[in-house]
file final-v6.txt (compact mmCIF, C-alpha atoms)
# COMPACT_ATOMS: atom_id res chain seq x y z
CA MET A 1 104.08 28.81 26.68
CA LYS A 2 104.01 29.39 30.45
CA PHE A 3 106.20 31.83 32.40
CA ALA A 4 107.41 32.03 36.00
CA GLN A 5 109.68 34.28 38.05
CA LEU A 6 111.26 33.48 41.41
CA VAL A 7 111.31 36.74 43.38
CA ILE A 8 114.19 36.52 45.87
CA GLY A 9 116.32 38.84 47.97
CA PRO A 10 117.26 39.62 51.58
CA ALA A 11 114.54 39.89 54.22
CA GLY A 12 112.91 43.32 54.07
CA SER A 13 114.16 44.07 50.57
CA GLY A 14 110.66 44.68 49.20
CA LYS A 15 109.91 41.37 47.48
CA SER A 16 106.23 41.30 48.45
CA THR A 17 105.81 44.97 47.57
CA PHE A 18 107.45 44.27 44.21
CA CYS A 19 104.95 41.45 43.56
CA GLU A 20 102.02 43.60 44.68
CA THR A 21 103.14 46.51 42.47
CA MET A 22 103.58 44.33 39.38
CA LYS A 23 100.20 42.70 39.99
CA GLN A 24 98.52 46.10 40.10
CA PHE A 25 100.39 47.21 36.98
CA CYS A 26 99.36 44.09 35.05
CA ASP A 27 95.74 44.41 36.20
CA SER A 28 95.59 48.01 35.01
CA SER A 29 97.19 46.99 31.69
CA GLY A 30 94.76 44.17 31.06
CA ARG A 31 97.44 41.51 31.60
CA SER A 32 97.12 38.36 33.64
CA LEU A 33 99.59 37.81 36.49
CA HIS A 34 99.26 35.29 39.30
CA LEU A 35 101.12 35.49 42.59
CA ALA A 36 102.32 32.53 44.64
CA ASN A 37 103.65 32.55 48.19
CA LEU A 38 106.60 30.25 48.95
CA ASP A 39 107.34 31.73 52.38
CA PRO A 40 106.01 29.49 55.18
CA ALA A 41 106.42 32.39 57.63
CA ALA A 42 104.38 34.95 55.69
CA GLU A 43 101.30 36.17 57.52
CA VAL A 44 99.90 39.25 55.78
CA PHE A 45 99.35 39.59 52.04
CA ASN A 46 98.43 42.81 50.24
CA TYR A 47 97.77 40.90 47.03
CA PRO A 48 95.57 37.95 46.02
CA VAL A 49 97.44 34.68 46.56
CA SER A 50 96.84 32.05 43.91
CA ILE A 51 99.19 29.44 45.41
CA ASP A 52 100.21 29.35 49.09
CA VAL A 53 102.85 27.01 50.55
CA LYS A 54 101.23 27.46 53.96
CA GLU A 55 98.47 25.14 52.78
CA LEU A 56 101.19 22.46 52.75
CA ILE A 57 103.18 23.54 55.82
CA SER A 58 103.62 26.70 57.88
CA LEU A 59 106.44 27.92 60.11
CA ASP A 60 104.21 28.03 63.18
CA GLU A 61 103.26 24.37 62.71
CA ALA A 62 106.88 23.30 62.38
CA MET A 63 107.98 25.29 65.42
CA ASP A 64 105.13 24.02 67.61
CA GLU A 65 105.25 20.36 66.61
CA LEU A 66 109.03 19.95 66.46
CA ASP A 67 110.08 22.47 69.11
CA LEU A 68 112.25 24.38 66.65
CA GLY A 69 113.31 28.00 66.55
CA PRO A 70 112.43 30.34 63.65
CA ASN A 71 115.52 29.56 61.55
CA GLY A 72 115.47 25.83 62.14
CA GLY A 73 111.72 25.78 61.56
CA LEU A 74 112.07 27.56 58.23
CA LEU A 75 114.78 25.17 57.06
CA TYR A 76 112.56 22.24 58.01
CA CYS A 77 109.62 23.76 56.12
CA MET A 78 111.67 24.16 52.95
CA GLU A 79 113.06 20.63 53.22
CA TYR A 80 109.51 19.34 53.70
CA LEU A 81 108.43 21.32 50.64
CA GLU A 82 111.22 19.74 48.62
CA GLU A 83 110.22 16.23 49.75
CA ASN A 84 106.62 16.82 48.68
CA LEU A 85 107.38 19.12 45.79
CA GLN A 86 106.49 16.97 42.81
CA GLU A 87 103.01 16.06 44.02
CA TRP A 88 102.14 19.40 45.64
CA LEU A 89 103.50 21.72 42.96
CA HIS A 90 102.10 19.65 40.11
CA GLU A 91 98.66 19.82 41.71
CA GLN A 92 98.90 23.58 42.27
CA LEU A 93 100.02 24.27 38.70
CA SER A 94 97.53 21.96 37.01
CA ALA A 95 95.03 24.80 36.60
CA TYR A 96 97.45 26.95 34.59
CA GLY A 97 98.21 26.77 30.89
CA ASP A 98 99.64 28.66 27.94
CA ASP A 99 100.41 32.35 28.44
CA ASP A 100 99.95 32.15 32.22
CA TYR A 101 102.50 34.10 34.23
CA ILE A 102 103.30 33.44 37.91
CA PHE A 103 105.54 35.34 40.32
CA PHE A 104 106.73 33.20 43.26
CA ASP A 105 107.28 35.37 46.34
CA CYS A 106 110.15 33.59 48.13
CA PRO A 107 111.60 33.70 51.67
CA GLY A 108 114.46 36.10 52.38
CA GLN A 109 116.95 33.86 54.22
CA ILE A 110 120.07 33.59 52.06
CA GLU A 111 120.98 30.12 53.36
CA LEU A 112 117.95 28.74 51.53
CA TYR A 113 119.73 29.50 48.25
CA SER A 114 123.33 28.80 49.29
CA HIS A 115 122.90 25.71 51.53
CA LEU A 116 119.73 23.94 50.37
CA SER A 117 118.74 22.47 47.03
CA VAL A 118 115.03 23.26 47.30
CA PHE A 119 115.03 26.09 44.77
CA GLN A 120 117.04 24.11 42.24
CA SER A 121 114.38 21.40 42.68
CA ILE A 122 111.57 23.92 42.16
CA ILE A 123 113.27 25.15 38.99
CA ARG A 124 113.60 21.60 37.65
CA GLU A 125 109.93 20.84 38.35
CA LEU A 126 108.78 24.04 36.66
CA ARG A 127 110.92 23.43 33.60
CA ALA A 128 109.77 19.81 33.37
CA ASP A 129 106.20 21.10 33.33
CA GLY A 130 106.95 23.44 30.43
CA TRP A 131 107.50 26.74 32.27
CA HIS A 132 110.03 29.36 31.20
CA VAL A 133 111.64 30.33 34.51
CA GLY A 134 113.50 33.50 35.47
CA CYS A 135 114.67 35.14 38.67
CA VAL A 136 114.18 38.62 40.12
CA TYR A 137 116.60 39.58 42.89
CA CYS A 138 115.47 42.55 45.01
CA LEU A 139 117.86 44.79 46.95
CA ASP A 140 116.88 47.76 49.11
CA ALA A 141 118.23 50.94 47.48
CA GLN A 142 119.16 52.28 50.90
CA PHE A 143 121.98 49.69 50.92
CA THR A 144 123.75 51.85 48.34
CA GLU A 145 124.40 54.45 51.05
CA ASP A 146 126.70 52.04 52.93
CA ALA A 147 129.59 50.51 50.97
CA SER A 148 129.79 47.32 53.03
CA LYS A 149 126.05 46.65 52.78
CA TYR A 150 126.03 47.45 49.08
CA ILE A 151 128.92 45.08 48.33
CA ALA A 152 127.29 42.36 50.44
CA GLY A 153 124.04 42.79 48.53
CA CYS A 154 125.83 42.69 45.18
CA LEU A 155 127.75 39.54 46.12
CA THR A 156 124.53 37.89 47.25
CA ALA A 157 123.02 38.74 43.87
CA LEU A 158 126.09 37.28 42.14
CA SER A 159 125.89 34.15 44.28
CA SER A 160 122.21 33.69 43.41
CA MET A 161 122.95 34.08 39.72
CA VAL A 162 125.59 31.35 39.94
CA GLN A 163 123.58 29.00 42.16
CA LEU A 164 120.25 29.18 40.33
CA GLU A 165 121.56 29.49 36.76
CA LEU A 166 118.49 31.37 35.56
CA PRO A 167 117.83 34.44 33.42
CA HIS A 168 118.29 37.05 36.11
CA VAL A 169 117.08 40.61 36.72
CA ASN A 170 118.42 42.53 39.72
CA VAL A 171 116.05 45.22 40.97
CA LEU A 172 116.98 48.12 43.23
CA THR A 173 113.81 48.63 45.25
CA LYS A 174 112.56 51.49 47.44
CA ILE A 175 114.01 54.19 45.21
CA ASP A 176 111.08 56.35 46.28
CA LEU A 177 112.41 56.36 49.87
CA LEU A 178 115.72 58.00 48.92
CA GLY A 179 114.26 61.48 48.61
CA ALA A 180 116.45 63.88 46.61
CA GLN A 181 119.05 61.14 46.03
CA ALA A 182 116.53 59.23 43.91
CA THR A 183 117.51 61.44 40.96
CA MET A 184 120.84 59.57 40.84
CA TYR A 185 118.99 56.55 39.46
CA GLU A 186 116.92 58.15 36.73
CA ASP A 187 119.25 57.23 33.86
CA GLY A 188 118.60 53.50 33.65
CA LEU A 189 120.74 50.61 34.86
CA VAL A 190 122.69 51.02 38.10
CA ILE A 191 126.11 49.39 37.78
CA PRO A 192 128.14 49.07 41.00
CA ASP A 193 131.51 50.80 40.76
CA GLY A 194 133.97 48.46 42.43
CA ARG A 195 136.72 51.08 42.61
CA SER A 196 134.61 53.71 44.41
CA LEU A 197 133.16 51.07 46.74
CA LEU A 198 136.70 49.93 47.56
CA ASP A 199 137.73 53.50 48.36
CA SER A 200 134.74 53.83 50.69
CA LEU A 201 135.56 50.56 52.41
CA ASP A 202 139.21 51.49 52.90
CA ALA A 203 138.20 54.85 54.36
CA THR A 204 136.00 53.25 57.02
CA SER A 205 137.92 50.08 57.92
CA SER A 206 141.27 49.16 59.43
CA HIS A 207 144.37 49.13 57.26
CA LYS A 208 144.79 45.39 57.87
CA PHE A 209 141.58 44.73 55.92
CA GLN A 210 142.63 46.54 52.75
CA LYS A 211 143.78 43.40 50.91
CA LEU A 212 140.53 41.68 51.81
CA ASN A 213 138.56 44.72 50.69
CA ALA A 214 140.40 44.74 47.36
CA ALA A 215 139.75 41.03 46.80
CA VAL A 216 136.04 41.40 47.54
CA ALA A 217 135.64 44.49 45.36
CA SER A 218 137.49 42.79 42.51
CA LEU A 219 134.76 40.15 42.30
CA LEU A 220 132.38 42.82 41.08
CA GLU A 221 134.92 44.38 38.74
CA ASP A 222 136.30 41.15 37.28
CA TYR A 223 132.99 39.51 36.44
CA SER A 224 130.92 42.63 35.70
CA MET A 225 127.72 40.58 35.93
CA VAL A 226 125.77 42.62 38.47
CA ALA A 227 123.64 45.58 37.44
CA PHE A 228 120.35 46.82 38.88
CA VAL A 229 117.12 48.08 37.40
CA PRO A 230 115.90 50.91 39.67
CA LEU A 231 112.26 50.69 40.76
CA ASP A 232 110.24 53.61 42.07
CA ILE A 233 106.76 52.26 42.85
CA THR A 234 105.34 55.80 42.74
CA ASP A 235 106.47 56.26 39.12
CA GLU A 236 104.47 54.42 36.45
CA ASP A 237 107.28 54.75 33.90
CA SER A 238 109.71 53.16 36.34
CA ILE A 239 107.30 50.28 36.98
CA GLU A 240 106.73 49.76 33.26
CA MET A 241 110.48 49.73 32.50
CA CYS A 242 111.14 47.26 35.30
CA MET A 243 108.36 44.95 34.12
CA LEU A 244 109.72 45.15 30.57
CA GLN A 245 113.14 43.97 31.77
CA VAL A 246 111.55 41.12 33.71
CA ASP A 247 109.45 40.10 30.71
CA MET A 248 112.44 40.16 28.38
CA SER A 249 114.42 37.86 30.67
CA VAL A 250 112.00 34.98 29.95
CA GLN A 251 111.03 36.15 26.44
CA TYR A 252 107.48 36.88 27.53
CA GLY A 253 105.36 38.17 24.65
CA GLU A 254 107.96 37.49 21.95
CA ASP A 255 105.75 34.89 20.27
CA GLN A 256 102.83 37.29 19.96
CA ASP A 257 101.95 38.66 16.55
CA VAL A 258 103.37 42.08 15.77
CA LYS A 259 100.64 44.62 15.17
CA ILE A 260 101.28 46.79 12.11
CA ALA A 261 99.44 50.06 11.87
CA ASP A 262 97.29 50.63 8.81
CA GLU A 263 98.14 53.86 7.01
CA ASP A 264 94.45 54.43 6.33
CA ASP A 265 93.83 54.49 10.08
CA ASP A 266 96.39 57.23 10.66
CA PRO A 267 96.55 59.97 8.01
CA ASP A 268 99.73 61.38 9.52
CA ILE A 269 101.79 58.20 9.29
CA SER A 270 102.87 58.82 5.68
CA ASP A 271 104.08 62.31 6.49
CA GLU A 272 105.90 61.09 9.62
CA PHE A 273 108.05 58.70 7.64
CA GLY A 274 108.37 60.91 4.55
CA MET A 275 106.06 58.71 2.47
CA GLU A 276 104.22 61.42 0.60
CA ASP A 277 102.21 60.69 -2.53
CA HIS A 278 103.69 62.12 -5.77
CA ASP A 279 102.07 62.39 -9.16
CA HIS A 280 104.16 60.96 -12.02

call {"tool": "encode", "arguments": {"input": "final-v6.txt", "output": "structure tokens"}}
result
Amino acid sequence: MKFAQLVIGPAGSGKSTFCETMKQFCDSSGRSLHLANLDPAAEVFNYPVSIDVKELISLDEAMDELDLGPNGGLLYCMEYLEENLQEWLHEQLSAYGDDDYIFFDCPGQIELYSHLSVFQSIIRELRADGWHVGCVYCLDAQFTEDASKYIAGCLTALSSMVQLELPHVNVLTKIDLLGAQATMYEDGLVIPDGRSLLDSLDATSSHKFQKLNAAVASLLEDYSMVAFVPLDITDEDSIEMCMLQVDMSVQYGEDQDVKIADEDDDPDISDEFGMEDHDH
């Protein structure tokens, strides 16, 4: 069984750092994880790239040859990728087999998920090739300090969940940059509170926007689908918990044999579970 995760999120949300961190964690744990770049504009990588879309097309090439701007060039690149997807992706994935795990580091422009069908096409190709596919949505934790940015990030996550229809893990990145406020996120999942966000919005916006604010905030409250796993890349426990959530979303490792400890190997195991020997 093969596993893949699409790592998405707004530009600057820490997607590449997330991939790099999980690669380092897996390497130190003796696990195999491959990283693929699907961003035609990416220039610098702090991790080994196993698959790179820039070998097919790059943003600079599209801009130079077609006289396009950055946004138009990126849209063209992704449309070109979709047109050549079956042949290119099949060739790139031919070297991978059972138990392989790939994270696809994706571009940050939201219109690629809301306006184009390229990622739905990628998902179909991966599934047709036998991959279990999930999605990791990254959001900068500093967005939580501004109600409007936080709501926008949450709604983008919700939109991605609806559009891609994949097992989905939302990750609140850059927790380590919050300083003393990072302690707010030590207790596990972060669930946006629509009521408190609405109060913050109403306090900072004109009265005429209050109905709009209430309607937007109600999307989070009514569906209750968005929650975030906090990630502090300086904390190994935080990294391990985040990776566990990501693994569980695609059932990674569930088909592996359960290892049962032998009592003879651990003399204390009988005492721990109250299984003492008694003479009859």

call {"tool": "atom_distance", "arguments": {"input": "final-v6.txt", "atom1": "atom CA of A:Ala41", "atom2": "atom CA of A:Ser58"}}
result
6.3 Å

call {"tool": "residues_around", "arguments": {"input": "final-v6.txt", "residues": "stretch 74-83 of chain A", "least_positions_apart": "5", "cutoff": "8 Å", "atoms": "all atoms listed in the file", "output": "tab-separated table (two decimals) with C-alpha atoms, in the coordinates of the input"}}
result
chain	number	residue	atom	x	y	z
A	40	PRO	CA	106.01	29.49	55.18
A	41	ALA	CA	106.42	32.39	57.63
A	53	VAL	CA	102.85	27.01	50.55
A	56	LEU	CA	101.19	22.46	52.75
A	57	ILE	CA	103.18	23.54	55.82
A	58	SER	CA	103.62	26.70	57.88
A	59	LEU	CA	106.44	27.92	60.11
A	62	ALA	CA	106.88	23.30	62.38
A	112	LEU	CA	117.95	28.74	51.53
A	116	LEU	CA	119.73	23.94	50.37
A	118	VAL	CA	115.03	23.26	47.30
A	121	SER	CA	114.38	21.40	42.68
A	122	ILE	CA	111.57	23.92	42.16

call {"tool": "residues_around", "arguments": {"input": "final-v6.txt", "residues": "A:Tyr96", "least_positions_apart": "6", "cutoff": "10 Å", "atoms": "only C-alpha atoms", "output": "PyMOL selection string"}}
result
chain A and resi 2+34+102

call {"tool": "atom_distance", "arguments": {"input": "final-v6.txt", "atom1": "atom CA of A:Gly97", "atom2": "atom CA of A:Tyr252"}}
result
14.1 Å

call {"tool": "atom_distance", "arguments": {"input": "final-v6.txt", "atom1": "atom CA of A:Phe25", "atom2": "atom CA of A:Glu236"}}
result
8.3 Å

call {"tool": "residues_near_point", "arguments": {"input": "final-v6.txt", "point": "(106.6, 28.4, 42.4)", "cutoff": "10 Å", "atoms": "all atoms listed in the file", "output": "compact mmCIF listing (two decimals) with C-alpha atoms, keeping the file's coordinate frame"}}
result
# COMPACT_ATOMS: atom_id res chain seq x y z
CA ALA A 4 107.41 32.03 36.00
CA GLN A 5 109.68 34.28 38.05
CA LEU A 6 111.26 33.48 41.41
CA VAL A 7 111.31 36.74 43.38
CA LEU A 35 101.12 35.49 42.59
CA ALA A 36 102.32 32.53 44.64
CA ASN A 37 103.65 32.55 48.19
CA LEU A 38 106.60 30.25 48.95
CA ILE A 51 99.19 29.44 45.41
CA ASP A 52 100.21 29.35 49.09
CA VAL A 53 102.85 27.01 50.55
CA LEU A 85 107.38 19.12 45.79
CA LEU A 89 103.50 21.72 42.96
CA GLN A 92 98.90 23.58 42.27
CA LEU A 93 100.02 24.27 38.70
CA ILE A 102 103.30 33.44 37.91
CA PHE A 103 105.54 35.34 40.32
CA PHE A 104 106.73 33.20 43.26
CA ASP A 105 107.28 35.37 46.34
CA CYS A 106 110.15 33.59 48.13
CA PHE A 119 115.03 26.09 44.77
CA ILE A 122 111.57 23.92 42.16
CA ILE A 123 113.27 25.15 38.99
CA GLU A 125 109.93 20.84 38.35
CA LEU A 126 108.78 24.04 36.66
CA VAL A 133 111.64 30.33 34.51

call {"tool": "residues_around", "arguments": {"input": "final-v6.txt", "residues": "A:Thr173", "least_positions_apart": "2", "cutoff": "12 Å", "atoms": "all atoms listed in the file", "output": "ChimeraX atom specification"}}
result
/A:9-10,12-19,21,136-144,170-171,175-178,182,185,190,228-234,238-239,242

call {"tool": "write_last_selection", "arguments": {"input": "final-v6.txt", "atoms": "C-alpha atoms", "output": "mmCIF file, keeping the file's coordinate frame"}}
result
data_model
loop_
_atom_site.group_PDB
_atom_site.id
_atom_site.type_symbol
_atom_site.label_atom_id
_atom_site.label_comp_id
_atom_site.auth_asym_id
_atom_site.auth_seq_id
_atom_site.Cartn_x
_atom_site.Cartn_y
_atom_site.Cartn_z
ATOM 1 C CA GLY A 9 116.320 38.840 47.970
ATOM 2 C CA PRO A 10 117.260 39.620 51.580
ATOM 3 C CA GLY A 12 112.910 43.320 54.070
ATOM 4 C CA SER A 13 114.160 44.070 50.570
ATOM 5 C CA GLY A 14 110.660 44.680 49.200
ATOM 6 C CA LYS A 15 109.910 41.370 47.480
ATOM 7 C CA SER A 16 106.230 41.300 48.450
ATOM 8 C CA THR A 17 105.810 44.970 47.570
ATOM 9 C CA PHE A 18 107.450 44.270 44.210
ATOM 10 C CA CYS A 19 104.950 41.450 43.560
ATOM 11 C CA THR A 21 103.140 46.510 42.470
ATOM 12 C CA VAL A 136 114.180 38.620 40.120
ATOM 13 C CA TYR A 137 116.600 39.580 42.890
ATOM 14 C CA CYS A 138 115.470 42.550 45.010
ATOM 15 C CA LEU A 139 117.860 44.790 46.950
ATOM 16 C CA ASP A 140 116.880 47.760 49.110
ATOM 17 C CA ALA A 141 118.230 50.940 47.480
ATOM 18 C CA GLN A 142 119.160 52.280 50.900
ATOM 19 C CA PHE A 143 121.980 49.690 50.920
ATOM 20 C CA THR A 144 123.750 51.850 48.340
ATOM 21 C CA ASN A 170 118.420 42.530 39.720
ATOM 22 C CA VAL A 171 116.050 45.220 40.970
ATOM 23 C CA ILE A 175 114.010 54.190 45.210
ATOM 24 C CA ASP A 176 111.080 56.350 46.280
ATOM 25 C CA LEU A 177 112.410 56.360 49.870
ATOM 26 C CA LEU A 178 115.720 58.000 48.920
ATOM 27 C CA ALA A 182 116.530 59.230 43.910
ATOM 28 C CA TYR A 185 118.990 56.550 39.460
ATOM 29 C CA VAL A 190 122.690 51.020 38.100
ATOM 30 C CA PHE A 228 120.350 46.820 38.880
ATOM 31 C CA VAL A 229 117.120 48.080 37.400
ATOM 32 C CA PRO A 230 115.900 50.910 39.670
ATOM 33 C CA LEU A 231 112.260 50.690 40.760
ATOM 34 C CA ASP A 232 110.240 53.610 42.070
ATOM 35 C CA ILE A 233 106.760 52.260 42.850
ATOM 36 C CA THR A 234 105.340 55.800 42.740
ATOM 37 C CA SER A 238 109.710 53.160 36.340
ATOM 38 C CA ILE A 239 107.300 50.280 36.980
ATOM 39 C CA CYS A 242 111.140 47.260 35.300
#

call {"tool": "closest_residue", "arguments": {"input": "final-v6.txt", "among": "A:Gly30, A:Gly72, A:Asp98, A:Leu158", "to": "A:Glu111", "atoms": "all atoms listed in the file"}}
result
A:Gly72
